[in-house]
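S.K.: A single structure is presented below for examination.
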Amino acid sequence: MGWGNIRERLRGGEVSWSRDDLGTAAAMGAAQLPAAAVLWWAGSSGGDDYGAGSGGALGAACFLVFGWLLLPVLGVVQAFVLTRPAVVLARLAARRPGGPSWAWHLAAPVAPAVLWGGLAALLWSWPLTTTVPVLAALGLLPALGVAYGRRRSWRPAAVWRWAVPGSVALFLLAFGGGVVATEAGLIRQYEPPKLTVARLTGVWRGDDGAELRLRADGSAEAVGLPAQPPVGDVEFRDYVVCEGSGTWKPDADSSGTGRDGVLLSLDADCGENTHWSIGGSEKSPQLFVLFGDPDAGTLRILEPADG
């Protein structure tokens, strides 16, 4: 099949994208989003929230109260960026090289998922191994729904009427499954690693050039390191950048984060004592501070220089 034949088929409507297709795709895409959000939340609960757990809970509460207002809009966006290219591609493939239409609609969502996943990897360094499967899964149900709806001559209004109770059922199923999986220990809650003084001793570096050297005798050296602003700071800064020497000691919890860490005291008249909390994992430990507001503050992370 040459490009001319493909163009004629597109013009003739054999693989066109109609308003009914858009309505069906938007309804089915929106219906699955609450359940998808629950699954994402359950999956991310095993990761480090860096002390911003209350913000996550607040965000979840806001989504439950107001999120449903955004679902139709998000459904339309998903229909254009994921479902439409998948459906058109599946309809073209079903004619040449041929095969069952449902199989092509089942496989086609992978193509836009790879496209958008690759773009996200280039722009924000999101991992392809996570982004592509998630996007493909989000595009699967709407693509199959559009194919089935065209054969059954579904009208978008009818699909939306079924989408509302279907969305509630999927949400409750995902939520209940997440609770059961958590109680059964299948989804583990995050626990920060326990680091000895020997493991804390060494050089820690941040992505922005910050460096903290912790010595076994309790002395410390800082280069471009963020610290708590001085008391009465008139500039209302989240943090100040300090350099110089000082002292450090293991600290159980002087910052109210509920985590062990390091209490750093710099000799220079730069900032206040700063509690660096322990995060990351046993294999890849981190030191971090969340400066300012817990929900919208500035997160700074240090990692061992030796990897």
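A note on labels: chains of the structure tokens are A, B, ... as shown, every chain counts residues from 1, and ligands are counted from 1 in their shown order.
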What's the 7 Å shell around Pro250 of chain A, counting only C-alpha atoms, without same-chain residues fewer than 6 positions away, as an MDAnalysis selection string?
M.R.: chainID A and resid 261:263
S.K.: Could you write those residues out with all heavy atoms, as a PDB file, in the first residue's frame?
M.R.:
ATOM      1  N   GLY A 261      19.933  11.410  61.343  1.00  0.00           N
ATOM      2  CA  GLY A 261      20.666  12.191  60.363  1.00  0.00           C
ATOM      3  C   GLY A 261      21.946  12.748  60.936  1.00  0.00           C
ATOM      4  O   GLY A 261      22.567  12.153  61.819  1.00  0.00           O
ATOM      5  N   VAL A 262      22.325  13.899  60.431  1.00  0.00           N
ATOM      6  CA  VAL A 262      23.554  14.579  60.818  1.00  0.00           C
ATOM      7  C   VAL A 262      23.218  16.012  61.202  1.00  0.00           C
ATOM      8  O   VAL A 262      22.500  16.702  60.460  1.00  0.00           O
ATOM      9  CB  VAL A 262      24.577  14.567  59.654  1.00  0.00           C
ATOM     10  CG1 VAL A 262      25.746  15.500  59.953  1.00  0.00           C
ATOM     11  CG2 VAL A 262      25.072  13.155  59.392  1.00  0.00           C
ATOM     12  N   LEU A 263      23.725  16.452  62.367  1.00  0.00           N
ATOM     13  CA  LEU A 263      23.571  17.850  62.759  1.00  0.00           C
ATOM     14  C   LEU A 263      24.870  18.571  62.441  1.00  0.00           C
ATOM     15  O   LEU A 263      25.923  18.259  63.008  1.00  0.00           O
ATOM     16  CB  LEU A 263      23.255  17.975  64.250  1.00  0.00           C
ATOM     17  CG  LEU A 263      23.008  19.406  64.740  1.00  0.00           C
ATOM     18  CD1 LEU A 263      21.797  20.017  64.041  1.00  0.00           C
ATOM     19  CD2 LEU A 263      22.820  19.442  66.251  1.00  0.00           C
TER      20      LEU A 263
END
S.K.: Using only C-alpha atoms, determine which residues lie at most 12 Å from segment 205-217 of chain A, disregarding the query and same-chain residues fewer than 5 positions distant; provide the list as a PyMOL selection string.
M.R.: chain A and resi 196-200+222-227+241-250+262-266+276+285-289+299-307
S.K.: Quick one: which segment 99-159 of chain A residues come within 10 Å of segment 85-92 of chain A, and what is the nearest atom pair for each with the distance in Å to one decimal, counting only C-alpha atoms, rows ordered by chain and ascending number, as a tab-separated table?
M.R.:
residue	atom	partner	partner_atom	distance
A:Pro100	CA	A:Ala90	CA	10.0
A:Ser101	CA	A:Arg91	CA	7.1
A:Trp102	CA	A:Ala90	CA	8.6
A:Ala103	CA	A:Ala90	CA	8.5
A:Trp104	CA	A:Ala90	CA	4.9
A:His105	CA	A:Ala90	CA	5.2
A:Leu106	CA	A:Ala90	CA	8.4
A:Ala107	CA	A:Ala90	CA	7.9
A:Ala108	CA	A:Ala86	CA	4.9
A:Pro109	CA	A:Ala86	CA	4.9
A:Val110	CA	A:Ala86	CA	7.8
A:Ala111	CA	A:Ala86	CA	6.9
A:Pro112	CA	A:Ala86	CA	6.6
A:Ala113	CA	A:Ala86	CA	9.2
A:Ala136	CA	A:Ala86	CA	9.7
A:Gly139	CA	A:Ala86	CA	7.9
A:Leu140	CA	A:Ala86	CA	8.9
A:Pro142	CA	A:Val87	CA	9.1
A:Ala143	CA	A:Val87	CA	5.9
A:Leu144	CA	A:Val87	CA	8.5
A:Val146	CA	A:Val87	CA	7.6
A:Ala147	CA	A:Val87	CA	7.7
S.K.: Can you tell me, as a PyMOL selection string, which residues in segment 133-282 of chain A count as strand (DSSP E) by DSSP?
M.R.: chain A and resi 202-205+211-214+219-227+240-251+261-266+274-280
S.K.: Need the shell around Arg188 of chain A: protein/DNA/RNA residues with any atom at most 10 Å away, counting only C-alpha atoms. Skip same-chain ones fewer than 4 positions apart. Format as a PyMOL selection string?
M.R.: chain A and resi 42-47+181-184
